[in-house]
Amino acid sequence: MYPAHLRYTEQHEWVQLEGNLATVGITDHAQKELGDIVYVELPKTGSHVEAGKACGTVESVKAVSEIYSPVTGEVKEVNSSLAENPEWINQEPHGKAWMIKVSLATPSLPDSLLTAEQYEEYVQQEKGG
């Protein structure tokens with residue numbers, strides 16, 4: 001259900017590491033919980049993000065939720081297409097709806113990130129099942 005090549009946070013973000021560049025988005029579970037997404041606010045290119053700290057928001061017809069960076073570093077790229085196409089987050093949360101690309105302060109991902117299998121177990125526990 002969740003791509004095995006990604007790592008996940010308990011706040012429902014995913015991250016993919018390519019060299020020293022981490023691509024970040026929200027999970028399929030998160031977008032399902034939020035419902036139809038109508039707006040996304042992301043950090044600016046060049047800004048600094050910290051692991052575990054809010055770096056943007058996603059607004060749906062139900063609520064506004066913060067996006068937490070799973071990594072620490074400098075934002076190198078922002079998926080500006082999401083401003084006009086926030087529904088991509090509902091359609092392809094693990095694909096074209098990536099949110100930011102971060103140049104890592106340290107060249108590895110935090111140990112706290114979950115594998116796809118661990119994340120799926122976490123989601124099931126969170127749901128009470």
# chains A, B, ... in the order shown; residues from 1 in each chain; ligands from 1
call {"tool": "residues_around", "arguments": {"residues": "Glu66 in chain A", "least_positions_apart": "4", "cutoff": "8 Å", "atoms": "only C-alpha atoms", "output": "PyMOL selection string"}}
result
chain A and resi 54-58
call {"tool": "residues_around", "arguments": {"residues": "Val78 in chain A", "least_positions_apart": "4", "cutoff": "8 Å", "atoms": "only C-alpha atoms", "output": "MDAnalysis selection string"}}
result
chainID A and resid 42:45 99:101
call {"tool": "write_last_selection", "arguments": {"atoms": "C-alpha atoms", "output": "PDB file, in the first residue's frame"}}
result
ATOM      1  CA  LEU A  42       4.810  25.479   1.305  1.00  0.00           C
ATOM      2  CA  PRO A  43       8.082  27.033   2.474  1.00  0.00           C
ATOM      3  CA  LYS A  44      10.058  29.253   0.086  1.00  0.00           C
ATOM      4  CA  THR A  45      13.088  27.997  -1.820  1.00  0.00           C
ATOM      5  CA  MET A  99       5.943  19.093  -1.887  1.00  0.00           C
ATOM      6  CA  ILE A 100       9.544  20.122  -1.265  1.00  0.00           C
ATOM      7  CA  LYS A 101      13.092  18.978  -1.986  1.00  0.00           C
TER       8      LYS A 101
END
call {"tool": "residues_around", "arguments": {"residues": "Ala116 in chain A", "least_positions_apart": "2", "cutoff": "9 Å", "atoms": "only C-alpha atoms", "output": "ChimeraX atom specification"}}
result
/A:1-8,114,118-121
call {"tool": "write_last_selection", "arguments": {"atoms": "C-alpha atoms", "output": "JSON list (two decimals), in the first residue's frame"}}
result
[["chain", "number", "residue", "atom", "x", "y", "z"],
["A", 1, "MET", "CA", 0.00, 0.00, 0.00],
["A", 2, "TYR", "CA", 2.84, 2.42, 0.83],
["A", 3, "PRO", "CA", 5.85, 2.54, -1.52],
["A", 4, "ALA", "CA", 8.70, 0.53, 0.02],
["A", 5, "HIS", "CA", 11.43, 2.90, -1.24],
["A", 6, "LEU", "CA", 10.07, 5.78, 0.87],
["A", 7, "ARG", "CA", 10.47, 6.44, 4.61],
["A", 8, "TYR", "CA", 7.61, 7.79, 6.75],
["A", 114, "LEU", "CA", 9.59, 4.38, 9.58],
["A", 118, "GLN", "CA", 6.35, -0.02, 10.08],
["A", 119, "TYR", "CA", 4.26, 2.92, 8.87],
["A", 120, "GLU", "CA", 1.42, 0.65, 7.79],
["A", 121, "GLU", "CA", 1.46, -0.98, 11.25]]
call {"tool": "closest_residue", "arguments": {"among": "A:Val40, A:Leu104, A:Val71, A:Val123", "to": "Trp14 in chain A", "atoms": "only C-alpha atoms"}}
result
A:Val71
call {"tool": "select_by_dssp", "arguments": {"residues": "chain A", "states": "alpha helix (DSSP H)", "output": "list in words"}}
result
Asp28, His29, Ala30, Gln31, Lys32, Glu33, Leu34, Ser81, Leu82, Ala83, Glu84, Trp88, Ile89, Asn90, Gln91, Ala116, Glu117, Gln118, Tyr119, Glu120, Glu121, Tyr122, Val123, Gln124, Gln125 and Glu126 of chain A
call {"tool": "write_last_selection", "arguments": {"atoms": "C-alpha atoms", "output": "compact mmCIF listing (two decimals), in the first residue's frame"}}
result
# COMPACT_ATOMS: atom_id res chain seq x y z
CA ASP A 28 -1.92 8.50 1.08
CA HIS A 29 -3.33 7.96 4.57
CA ALA A 30 -2.98 11.68 5.35
CA GLN A 31 -4.75 12.80 2.19
CA LYS A 32 -7.59 10.33 2.81
CA GLU A 33 -8.03 11.64 6.36
CA LEU A 34 -8.03 15.25 5.13
CA SER A 81 2.39 23.21 -9.50
CA LEU A 82 0.48 22.33 -6.32
CA ALA A 83 -0.67 25.95 -5.99
CA GLU A 84 -2.83 25.53 -9.12
CA TRP A 88 -2.87 16.23 -7.10
CA ILE A 89 -2.27 15.54 -3.41
CA ASN A 90 -5.47 13.47 -3.37
CA GLN A 91 -4.67 11.81 -6.70
CA ALA A 116 6.65 1.26 4.70
CA GLU A 117 5.84 -1.84 6.76
CA GLN A 118 6.35 -0.02 10.08
CA TYR A 119 4.26 2.92 8.87
CA GLU A 120 1.42 0.65 7.79
CA GLU A 121 1.46 -0.98 11.25
CA TYR A 122 1.49 2.48 12.85
CA VAL A 123 -1.54 3.60 10.81
CA GLN A 124 -3.42 0.44 11.80
CA GLN A 125 -2.65 1.02 15.49
CA GLU A 126 -3.68 4.67 15.18
call {"tool": "closest_residue", "arguments": {"among": "A:Ala105, A:Val64, A:Val49, A:Val15", "to": "Thr27 in chain A", "atoms": "only C-alpha atoms"}}
result
A:Val15
call {"tool": "closest_residue", "arguments": {"among": "A:Val61, A:Ser80, A:Thr106, A:Thr9", "to": "Ile26 in chain A", "atoms": "only C-alpha atoms"}}
result
A:Thr9
call {"tool": "select_by_dssp", "arguments": {"residues": "range 13-44 of chain A", "states": "strand (DSSP E)", "output": "VMD selection string"}}
result
chain A and resid 13 to 18 21 to 26 37 to 41
call {"tool": "closest_residue", "arguments": {"among": "A:Leu113, A:Ala97, A:Ala22, A:Leu17", "to": "Gly73 in chain A", "atoms": "only C-alpha atoms"}}
result
A:Ala22
call {"tool": "residues_around", "arguments": {"residues": "Gly46 in chain A", "least_positions_apart": "4", "cutoff": "8 Å", "atoms": "only C-alpha atoms", "output": "ChimeraX atom specification"}}
result
/A:74-76
call {"tool": "residues_around", "arguments": {"residues": "Val38 in chain A", "least_positions_apart": "4", "cutoff": "9 Å", "atoms": "only C-alpha atoms", "output": "NGL selection string"}}
result
:A and (58-61 or 85-87)
